[in-house]
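Let me begin by presenting the structure, written as structure tokens, before commenting on it.
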Amino acid sequence: MAHHTSAREVVDALKDVDFPATKDELVEAARRTGGGSREVVAALRAIPPDEYANKDEVARSVRVDPASDLGLSPAQRAQQARKGGRPGQSQHLRDAPKPPIQEELDGG
């Protein structure tokens with residue numbers, strides 16, 4: 001199944017949402033603001049029925065093209081493959097902290 005939206009588009013459609021929010025509240029907010037295209041609304045409908053604490057949790061739960069706009073390194077993608085996630089969460093959207101060497105290079 002092709003996904004024609006990005007995590008950034010989904011997050012942008014939820015700019016006025018007060019978190020925590022349920023799946024139904026997120027879908028309704030995307031529809032109401034008009035910022036959510038049909039693809040964004042469909043992506044939100046496909047997330048697990050749960051309460052989401054923030055936009056990051058939503059972005060990690062929505063199914064999008066793995067190469068959309070997350071900008072992860074190969075090491076981070078490998079860590080995602082090794083690490084478990086929430087039920088229904090796509091592997092490529094699991095938390096993946098920067099490798100220690102990348103942290104050092106970034107000065108953080």
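By convention here, the chains of the structure tokens are called A, B, ... in the order presented, each chain's residues are numbered starting at 1, and ligands are numbered starting at 1 in the order presented.
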
Residue neighbourhood Ala43 in chain A, 10 Å, only C-alpha atoms, exclusion window fewer than 2 positions, as a PDB file with N, CA, C and O atoms, in the first residue's frame:
ATOM      1  N   HIS A   3       1.791   5.130   0.550  1.00  0.00           N
ATOM      2  CA  HIS A   3       1.404   6.205   1.452  1.00  0.00           C
ATOM      3  C   HIS A   3       1.855   7.510   0.819  1.00  0.00           C
ATOM      4  O   HIS A   3       3.033   7.691   0.539  1.00  0.00           O
ATOM      5  N   HIS A   4       0.924   8.410   0.613  1.00  0.00           N
ATOM      6  CA  HIS A   4       1.225   9.624  -0.128  1.00  0.00           C
ATOM      7  C   HIS A   4       1.229  10.847   0.763  1.00  0.00           C
ATOM      8  O   HIS A   4       0.882  11.936   0.330  1.00  0.00           O
ATOM      9  N   THR A   5       1.623  10.681   2.000  1.00  0.00           N
ATOM     10  CA  THR A   5       1.735  11.805   2.908  1.00  0.00           C
ATOM     11  C   THR A   5       3.010  11.632   3.710  1.00  0.00           C
ATOM     12  O   THR A   5       3.621  10.572   3.693  1.00  0.00           O
ATOM     13  N   SER A   6       3.428  12.677   4.376  1.00  0.00           N
ATOM     14  CA  SER A   6       4.645  12.601   5.178  1.00  0.00           C
ATOM     15  C   SER A   6       4.307  12.862   6.641  1.00  0.00           C
ATOM     16  O   SER A   6       3.248  13.402   6.967  1.00  0.00           O
ATOM     17  N   ALA A   7       5.226  12.480   7.500  1.00  0.00           N
ATOM     18  CA  ALA A   7       5.035  12.743   8.927  1.00  0.00           C
ATOM     19  C   ALA A   7       4.902  14.245   9.170  1.00  0.00           C
ATOM     20  O   ALA A   7       4.107  14.686  10.001  1.00  0.00           O
ATOM     21  N   VAL A  10       1.367  15.451   8.457  1.00  0.00           N
ATOM     22  CA  VAL A  10       0.449  15.038   9.514  1.00  0.00           C
ATOM     23  C   VAL A  10       0.603  15.948  10.722  1.00  0.00           C
ATOM     24  O   VAL A  10      -0.379  16.457  11.266  1.00  0.00           O
ATOM     25  N   VAL A  27      -8.294  13.013  14.353  1.00  0.00           N
ATOM     26  CA  VAL A  27      -8.944  12.951  13.036  1.00  0.00           C
ATOM     27  C   VAL A  27      -9.881  14.141  12.864  1.00  0.00           C
ATOM     28  O   VAL A  27      -9.877  14.817  11.829  1.00  0.00           O
ATOM     29  N   GLY A  36      -5.727  19.369   6.955  1.00  0.00           N
ATOM     30  CA  GLY A  36      -5.487  17.968   6.681  1.00  0.00           C
ATOM     31  C   GLY A  36      -6.080  17.545   5.351  1.00  0.00           C
ATOM     32  O   GLY A  36      -7.294  17.618   5.154  1.00  0.00           O
ATOM     33  N   SER A  37      -5.249  17.124   4.442  1.00  0.00           N
ATOM     34  CA  SER A  37      -5.732  16.609   3.170  1.00  0.00           C
ATOM     35  C   SER A  37      -6.408  15.267   3.403  1.00  0.00           C
ATOM     36  O   SER A  37      -6.368  14.717   4.497  1.00  0.00           O
ATOM     37  N   ARG A  38      -7.008  14.735   2.364  1.00  0.00           N
ATOM     38  CA  ARG A  38      -7.623  13.401   2.475  1.00  0.00           C
ATOM     39  C   ARG A  38      -6.603  12.363   2.911  1.00  0.00           C
ATOM     40  O   ARG A  38      -6.902  11.474   3.696  1.00  0.00           O
ATOM     41  N   GLU A  39      -5.384  12.483   2.390  1.00  0.00           N
ATOM     42  CA  GLU A  39      -4.331  11.538   2.746  1.00  0.00           C
ATOM     43  C   GLU A  39      -3.951  11.637   4.218  1.00  0.00           C
ATOM     44  O   GLU A  39      -3.713  10.639   4.885  1.00  0.00           O
ATOM     45  N   VAL A  40      -3.895  12.867   4.746  1.00  0.00           N
ATOM     46  CA  VAL A  40      -3.555  13.067   6.156  1.00  0.00           C
ATOM     47  C   VAL A  40      -4.658  12.490   7.041  1.00  0.00           C
ATOM     48  O   VAL A  40      -4.388  11.783   8.014  1.00  0.00           O
ATOM     49  N   VAL A  41      -5.896  12.764   6.711  1.00  0.00           N
ATOM     50  CA  VAL A  41      -7.023  12.237   7.488  1.00  0.00           C
ATOM     51  C   VAL A  41      -7.025  10.710   7.435  1.00  0.00           C
ATOM     52  O   VAL A  41      -7.206  10.036   8.456  1.00  0.00           O
ATOM     53  N   ARG A  45      -6.660   8.111  10.526  1.00  0.00           N
ATOM     54  CA  ARG A  45      -7.653   7.061  10.789  1.00  0.00           C
ATOM     55  C   ARG A  45      -6.990   5.701  10.977  1.00  0.00           C
ATOM     56  O   ARG A  45      -7.536   4.835  11.631  1.00  0.00           O
ATOM     57  N   ALA A  46      -5.817   5.510  10.380  1.00  0.00           N
ATOM     58  CA  ALA A  46      -5.136   4.219  10.423  1.00  0.00           C
ATOM     59  C   ALA A  46      -4.265   4.019  11.667  1.00  0.00           C
ATOM     60  O   ALA A  46      -3.757   2.932  11.876  1.00  0.00           O
ATOM     61  N   ILE A  47      -4.101   5.050  12.508  1.00  0.00           N
ATOM     62  CA  ILE A  47      -3.269   4.880  13.697  1.00  0.00           C
ATOM     63  C   ILE A  47      -4.021   4.072  14.747  1.00  0.00           C
ATOM     64  O   ILE A  47      -5.252   3.997  14.720  1.00  0.00           O
ATOM     65  N   SER A  61       3.431   7.036  15.072  1.00  0.00           N
ATOM     66  CA  SER A  61       2.387   6.029  14.930  1.00  0.00           C
ATOM     67  C   SER A  61       1.745   6.002  13.551  1.00  0.00           C
ATOM     68  O   SER A  61       1.184   4.990  13.147  1.00  0.00           O
ATOM     69  N   VAL A  62       1.794   7.098  12.836  1.00  0.00           N
ATOM     70  CA  VAL A  62       1.141   7.169  11.534  1.00  0.00           C
ATOM     71  C   VAL A  62       2.015   6.482  10.493  1.00  0.00           C
ATOM     72  O   VAL A  62       3.232   6.541  10.547  1.00  0.00           O
ATOM     73  N   ARG A  63       1.359   5.777   9.573  1.00  0.00           N
ATOM     74  CA  ARG A  63       2.105   5.079   8.515  1.00  0.00           C
ATOM     75  C   ARG A  63       2.332   6.021   7.352  1.00  0.00           C
ATOM     76  O   ARG A  63       1.392   6.537   6.769  1.00  0.00           O
ATOM     77  N   VAL A  64       3.593   6.200   7.052  1.00  0.00           N
ATOM     78  CA  VAL A  64       3.987   7.036   5.920  1.00  0.00           C
ATOM     79  C   VAL A  64       5.109   6.312   5.195  1.00  0.00           C
ATOM     80  O   VAL A  64       5.618   5.294   5.655  1.00  0.00           O
TER      81      VAL A  64
END

Which residues are near Lys23 in chain A? Cut-off 12 Å, only C-alpha atoms, ignore same chain within fewer than 5 positions. Put them as a PDB file with all heavy atoms, in the first residue's frame.
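And here is the file that came out, result_32.pdb:
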ATOM      1  N   LEU A  14      -2.007  19.152  12.658  1.00  0.00           N
ATOM      2  CA  LEU A  14      -2.441  19.076  14.051  1.00  0.00           C
ATOM      3  C   LEU A  14      -1.935  20.248  14.885  1.00  0.00           C
ATOM      4  O   LEU A  14      -1.854  20.156  16.107  1.00  0.00           O
ATOM      5  CB  LEU A  14      -1.941  17.754  14.669  1.00  0.00           C
ATOM      6  CG  LEU A  14      -2.399  16.495  13.957  1.00  0.00           C
ATOM      7  CD1 LEU A  14      -1.760  15.276  14.594  1.00  0.00           C
ATOM      8  CD2 LEU A  14      -3.917  16.389  13.975  1.00  0.00           C
ATOM      9  N   VAL A  17      -4.090  21.312  18.013  1.00  0.00           N
ATOM     10  CA  VAL A  17      -4.586  20.261  18.901  1.00  0.00           C
ATOM     11  C   VAL A  17      -4.005  20.436  20.292  1.00  0.00           C
ATOM     12  O   VAL A  17      -2.813  20.700  20.461  1.00  0.00           O
ATOM     13  CB  VAL A  17      -4.220  18.866  18.348  1.00  0.00           C
ATOM     14  CG1 VAL A  17      -4.572  17.778  19.334  1.00  0.00           C
ATOM     15  CG2 VAL A  17      -4.922  18.633  17.028  1.00  0.00           C
ATOM     16  N   GLU A  28     -10.676  14.414  13.889  1.00  0.00           N
ATOM     17  CA  GLU A  28     -11.625  15.529  13.821  1.00  0.00           C
ATOM     18  C   GLU A  28     -10.896  16.867  13.691  1.00  0.00           C
ATOM     19  O   GLU A  28     -11.318  17.738  12.924  1.00  0.00           O
ATOM     20  CB  GLU A  28     -12.533  15.534  15.053  1.00  0.00           C
ATOM     21  CG  GLU A  28     -13.606  16.583  15.019  1.00  0.00           C
ATOM     22  CD  GLU A  28     -14.491  16.520  13.781  1.00  0.00           C
ATOM     23  OE1 GLU A  28     -14.785  15.411  13.294  1.00  0.00           O
ATOM     24  OE2 GLU A  28     -14.900  17.600  13.286  1.00  0.00           O
ATOM     25  N   ALA A  29      -9.802  17.038  14.406  1.00  0.00           N
ATOM     26  CA  ALA A  29      -9.044  18.288  14.324  1.00  0.00           C
ATOM     27  C   ALA A  29      -8.466  18.490  12.929  1.00  0.00           C
ATOM     28  O   ALA A  29      -8.484  19.601  12.399  1.00  0.00           O
ATOM     29  CB  ALA A  29      -7.924  18.280  15.358  1.00  0.00           C
ATOM     30  N   ALA A  30      -7.954  17.426  12.316  1.00  0.00           N
ATOM     31  CA  ALA A  30      -7.404  17.540  10.961  1.00  0.00           C
ATOM     32  C   ALA A  30      -8.500  17.906   9.969  1.00  0.00           C
ATOM     33  O   ALA A  30      -8.287  18.704   9.058  1.00  0.00           O
ATOM     34  CB  ALA A  30      -6.727  16.235  10.552  1.00  0.00           C
ATOM     35  N   VAL A  41      -5.896  12.764   6.711  1.00  0.00           N
ATOM     36  CA  VAL A  41      -7.023  12.237   7.488  1.00  0.00           C
ATOM     37  C   VAL A  41      -7.025  10.710   7.435  1.00  0.00           C
ATOM     38  O   VAL A  41      -7.206  10.036   8.456  1.00  0.00           O
ATOM     39  CB  VAL A  41      -8.369  12.828   7.003  1.00  0.00           C
ATOM     40  CG1 VAL A  41      -9.544  12.138   7.674  1.00  0.00           C
ATOM     41  CG2 VAL A  41      -8.410  14.331   7.267  1.00  0.00           C
ATOM     42  N   ALA A  42      -6.772  10.149   6.256  1.00  0.00           N
ATOM     43  CA  ALA A  42      -6.727   8.684   6.126  1.00  0.00           C
ATOM     44  C   ALA A  42      -5.585   8.105   6.953  1.00  0.00           C
ATOM     45  O   ALA A  42      -5.734   7.052   7.593  1.00  0.00           O
ATOM     46  CB  ALA A  42      -6.577   8.291   4.664  1.00  0.00           C
ATOM     47  N   ALA A  43      -4.439   8.773   6.972  1.00  0.00           N
ATOM     48  CA  ALA A  43      -3.298   8.304   7.765  1.00  0.00           C
ATOM     49  C   ALA A  43      -3.632   8.340   9.251  1.00  0.00           C
ATOM     50  O   ALA A  43      -3.283   7.425  10.005  1.00  0.00           O
ATOM     51  CB  ALA A  43      -2.066   9.148   7.468  1.00  0.00           C
ATOM     52  N   LEU A  44      -4.340   9.372   9.689  1.00  0.00           N
ATOM     53  CA  LEU A  44      -4.730   9.468  11.098  1.00  0.00           C
ATOM     54  C   LEU A  44      -5.774   8.413  11.459  1.00  0.00           C
ATOM     55  O   LEU A  44      -5.766   7.880  12.570  1.00  0.00           O
ATOM     56  CB  LEU A  44      -5.250  10.868  11.423  1.00  0.00           C
ATOM     57  CG  LEU A  44      -4.178  11.951  11.487  1.00  0.00           C
ATOM     58  CD1 LEU A  44      -4.812  13.330  11.544  1.00  0.00           C
ATOM     59  CD2 LEU A  44      -3.267  11.725  12.684  1.00  0.00           C
ATOM     60  N   ARG A  45      -6.660   8.111  10.526  1.00  0.00           N
ATOM     61  CA  ARG A  45      -7.653   7.061  10.789  1.00  0.00           C
ATOM     62  C   ARG A  45      -6.990   5.701  10.977  1.00  0.00           C
ATOM     63  O   ARG A  45      -7.536   4.835  11.631  1.00  0.00           O
ATOM     64  CB  ARG A  45      -8.646   6.966   9.635  1.00  0.00           C
ATOM     65  CG  ARG A  45      -9.692   8.013   9.656  1.00  0.00           C
ATOM     66  CD  ARG A  45     -10.743   7.668   8.625  1.00  0.00           C
ATOM     67  NE  ARG A  45     -11.635   8.775   8.441  1.00  0.00           N
ATOM     68  CZ  ARG A  45     -12.063   9.205   7.277  1.00  0.00           C
ATOM     69  NH1 ARG A  45     -11.711   8.586   6.167  1.00  0.00           N
ATOM     70  NH2 ARG A  45     -12.877  10.218   7.197  1.00  0.00           N
ATOM     71  N   ALA A  46      -5.817   5.510  10.380  1.00  0.00           N
ATOM     72  CA  ALA A  46      -5.136   4.219  10.423  1.00  0.00           C
ATOM     73  C   ALA A  46      -4.265   4.019  11.667  1.00  0.00           C
ATOM     74  O   ALA A  46      -3.757   2.932  11.876  1.00  0.00           O
ATOM     75  CB  ALA A  46      -4.277   4.057   9.174  1.00  0.00           C
ATOM     76  N   ILE A  47      -4.101   5.050  12.508  1.00  0.00           N
ATOM     77  CA  ILE A  47      -3.269   4.880  13.697  1.00  0.00           C
ATOM     78  C   ILE A  47      -4.021   4.072  14.747  1.00  0.00           C
ATOM     79  O   ILE A  47      -5.252   3.997  14.720  1.00  0.00           O
ATOM     80  CB  ILE A  47      -2.798   6.238  14.277  1.00  0.00           C
ATOM     81  CG1 ILE A  47      -3.976   7.089  14.762  1.00  0.00           C
ATOM     82  CG2 ILE A  47      -1.938   6.982  13.285  1.00  0.00           C
ATOM     83  CD1 ILE A  47      -3.558   8.387  15.430  1.00  0.00           C
ATOM     84  N   PRO A  48      -3.292   3.444  15.664  1.00  0.00           N
ATOM     85  CA  PRO A  48      -3.955   2.667  16.718  1.00  0.00           C
ATOM     86  C   PRO A  48      -4.860   3.545  17.575  1.00  0.00           C
ATOM     87  O   PRO A  48      -4.538   4.710  17.821  1.00  0.00           O
ATOM     88  CB  PRO A  48      -2.792   2.122  17.546  1.00  0.00           C
ATOM     89  CG  PRO A  48      -1.619   2.149  16.632  1.00  0.00           C
ATOM     90  CD  PRO A  48      -1.841   3.321  15.720  1.00  0.00           C
ATOM     91  N   PRO A  49      -5.997   2.991  18.028  1.00  0.00           N
ATOM     92  CA  PRO A  49      -6.910   3.766  18.885  1.00  0.00           C
ATOM     93  C   PRO A  49      -6.300   3.918  20.271  1.00  0.00           C
ATOM     94  O   PRO A  49      -6.363   3.011  21.090  1.00  0.00           O
ATOM     95  CB  PRO A  49      -8.187   2.929  18.903  1.00  0.00           C
ATOM     96  CG  PRO A  49      -7.718   1.541  18.620  1.00  0.00           C
ATOM     97  CD  PRO A  49      -6.506   1.666  17.756  1.00  0.00           C
ATOM     98  N   ASP A  50      -5.703   5.043  20.514  1.00  0.00           N
ATOM     99  CA  ASP A  50      -4.963   5.277  21.740  1.00  0.00           C
ATOM    100  C   ASP A  50      -5.039   6.759  22.074  1.00  0.00           C
ATOM    101  O   ASP A  50      -5.549   7.554  21.287  1.00  0.00           O
ATOM    102  CB  ASP A  50      -3.499   4.855  21.518  1.00  0.00           C
ATOM    103  CG  ASP A  50      -2.773   4.504  22.800  1.00  0.00           C
ATOM    104  OD1 ASP A  50      -3.330   4.739  23.888  1.00  0.00           O
ATOM    105  OD2 ASP A  50      -1.646   3.982  22.700  1.00  0.00           O
ATOM    106  N   GLU A  51      -4.510   7.133  23.223  1.00  0.00           N
ATOM    107  CA  GLU A  51      -4.378   8.536  23.566  1.00  0.00           C
ATOM    108  C   GLU A  51      -2.926   8.921  23.317  1.00  0.00           C
ATOM    109  O   GLU A  51      -2.010   8.209  23.728  1.00  0.00           O
ATOM    110  CB  GLU A  51      -4.756   8.784  25.021  1.00  0.00           C
ATOM    111  CG  GLU A  51      -4.716  10.256  25.381  1.00  0.00           C
ATOM    112  CD  GLU A  51      -5.323  10.542  26.730  1.00  0.00           C
ATOM    113  OE1 GLU A  51      -6.547  10.729  26.793  1.00  0.00           O
ATOM    114  OE2 GLU A  51      -4.557  10.546  27.708  1.00  0.00           O
ATOM    115  N   TYR A  52      -2.714  10.025  22.648  1.00  0.00           N
ATOM    116  CA  TYR A  52      -1.386  10.460  22.258  1.00  0.00           C
ATOM    117  C   TYR A  52      -1.001  11.687  23.080  1.00  0.00           C
ATOM    118  O   TYR A  52      -1.763  12.636  23.189  1.00  0.00           O
ATOM    119  CB  TYR A  52      -1.344  10.761  20.760  1.00  0.00           C
ATOM    120  CG  TYR A  52      -1.592   9.505  19.963  1.00  0.00           C
ATOM    121  CD1 TYR A  52      -2.886   9.086  19.656  1.00  0.00           C
ATOM    122  CD2 TYR A  52      -0.538   8.702  19.575  1.00  0.00           C
ATOM    123  CE1 TYR A  52      -3.105   7.908  18.974  1.00  0.00           C
ATOM    124  CE2 TYR A  52      -0.748   7.519  18.887  1.00  0.00           C
ATOM    125  CZ  TYR A  52      -2.034   7.129  18.594  1.00  0.00           C
ATOM    126  OH  TYR A  52      -2.249   5.956  17.919  1.00  0.00           O
ATOM    127  N   ALA A  53       0.212  11.639  23.645  1.00  0.00           N
ATOM    128  CA  ALA A  53       0.671  12.690  24.546  1.00  0.00           C
ATOM    129  C   ALA A  53       1.157  13.935  23.806  1.00  0.00           C
ATOM    130  O   ALA A  53       1.099  15.037  24.340  1.00  0.00           O
ATOM    131  CB  ALA A  53       1.789  12.163  25.443  1.00  0.00           C
ATOM    132  N   ASN A  54       1.639  13.747  22.570  1.00  0.00           N
ATOM    133  CA  ASN A  54       2.188  14.884  21.831  1.00  0.00           C
ATOM    134  C   ASN A  54       2.270  14.549  20.336  1.00  0.00           C
ATOM    135  O   ASN A  54       1.976  13.432  19.927  1.00  0.00           O
ATOM    136  CB  ASN A  54       3.566  15.273  22.373  1.00  0.00           C
ATOM    137  CG  ASN A  54       4.512  14.097  22.415  1.00  0.00           C
ATOM    138  OD1 ASN A  54       4.628  13.340  21.459  1.00  0.00           O
ATOM    139  ND2 ASN A  54       5.203  13.927  23.542  1.00  0.00           N
ATOM    140  N   LYS A  55       2.703  15.526  19.563  1.00  0.00           N
ATOM    141  CA  LYS A  55       2.789  15.347  18.109  1.00  0.00           C
ATOM    142  C   LYS A  55       3.825  14.301  17.721  1.00  0.00           C
ATOM    143  O   LYS A  55       3.665  13.610  16.722  1.00  0.00           O
ATOM    144  CB  LYS A  55       3.113  16.678  17.435  1.00  0.00           C
ATOM    145  CG  LYS A  55       1.988  17.680  17.507  1.00  0.00           C
ATOM    146  CD  LYS A  55       2.388  18.986  16.873  1.00  0.00           C
ATOM    147  CE  LYS A  55       1.286  20.021  17.048  1.00  0.00           C
ATOM    148  NZ  LYS A  55       1.668  21.311  16.489  1.00  0.00           N
ATOM    149  N   GLU A  57       4.498  11.490  19.240  1.00  0.00           N
ATOM    150  CA  GLU A  57       3.869  10.163  19.322  1.00  0.00           C
ATOM    151  C   GLU A  57       2.985   9.906  18.119  1.00  0.00           C
ATOM    152  O   GLU A  57       2.950   8.797  17.589  1.00  0.00           O
ATOM    153  CB  GLU A  57       3.056  10.028  20.608  1.00  0.00           C
ATOM    154  CG  GLU A  57       3.882   9.753  21.830  1.00  0.00           C
ATOM    155  CD  GLU A  57       3.036   9.385  23.026  1.00  0.00           C
ATOM    156  OE1 GLU A  57       1.785   9.267  22.906  1.00  0.00           O
ATOM    157  OE2 GLU A  57       3.617   9.221  24.108  1.00  0.00           O
ATOM    158  N   VAL A  58       2.276  10.936  17.679  1.00  0.00           N
ATOM    159  CA  VAL A  58       1.417  10.791  16.498  1.00  0.00           C
ATOM    160  C   VAL A  58       2.282  10.511  15.273  1.00  0.00           C
ATOM    161  O   VAL A  58       2.009   9.592  14.507  1.00  0.00           O
ATOM    162  CB  VAL A  58       0.552  12.048  16.269  1.00  0.00           C
ATOM    163  CG1 VAL A  58      -0.243  11.932  14.981  1.00  0.00           C
ATOM    164  CG2 VAL A  58      -0.375  12.286  17.451  1.00  0.00           C
ATOM    165  N   SER A  61       3.431   7.036  15.072  1.00  0.00           N
ATOM    166  CA  SER A  61       2.387   6.029  14.930  1.00  0.00           C
ATOM    167  C   SER A  61       1.745   6.002  13.551  1.00  0.00           C
ATOM    168  O   SER A  61       1.184   4.990  13.147  1.00  0.00           O
ATOM    169  CB  SER A  61       1.294   6.255  15.975  1.00  0.00           C
ATOM    170  OG  SER A  61       1.816   6.080  17.269  1.00  0.00           O
ATOM    171  N   VAL A  62       1.794   7.098  12.836  1.00  0.00           N
ATOM    172  CA  VAL A  62       1.141   7.169  11.534  1.00  0.00           C
ATOM    173  C   VAL A  62       2.015   6.482  10.493  1.00  0.00           C
ATOM    174  O   VAL A  62       3.232   6.541  10.547  1.00  0.00           O
ATOM    175  CB  VAL A  62       0.840   8.643  11.164  1.00  0.00           C
ATOM    176  CG1 VAL A  62       2.097   9.388  10.782  1.00  0.00           C
ATOM    177  CG2 VAL A  62      -0.164   8.742  10.062  1.00  0.00           C
TER     178      VAL A  62
END

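Take CA of Arg31 in chain A and CA of Ala13 in chain A: the distance between them is 8.7 Å.
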
- Task: Mind giving me the straight-line distance from CA of Phe19 in chain A to CA of Gln76 in chain A in Å, one decimal?
- Result: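 That distance, rounded to one decimal, is 27.1 Å.
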
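Pairwise distance (CA of Pro20 in chain A, CA of Ala59 in chain A) equals 13.9 Å.
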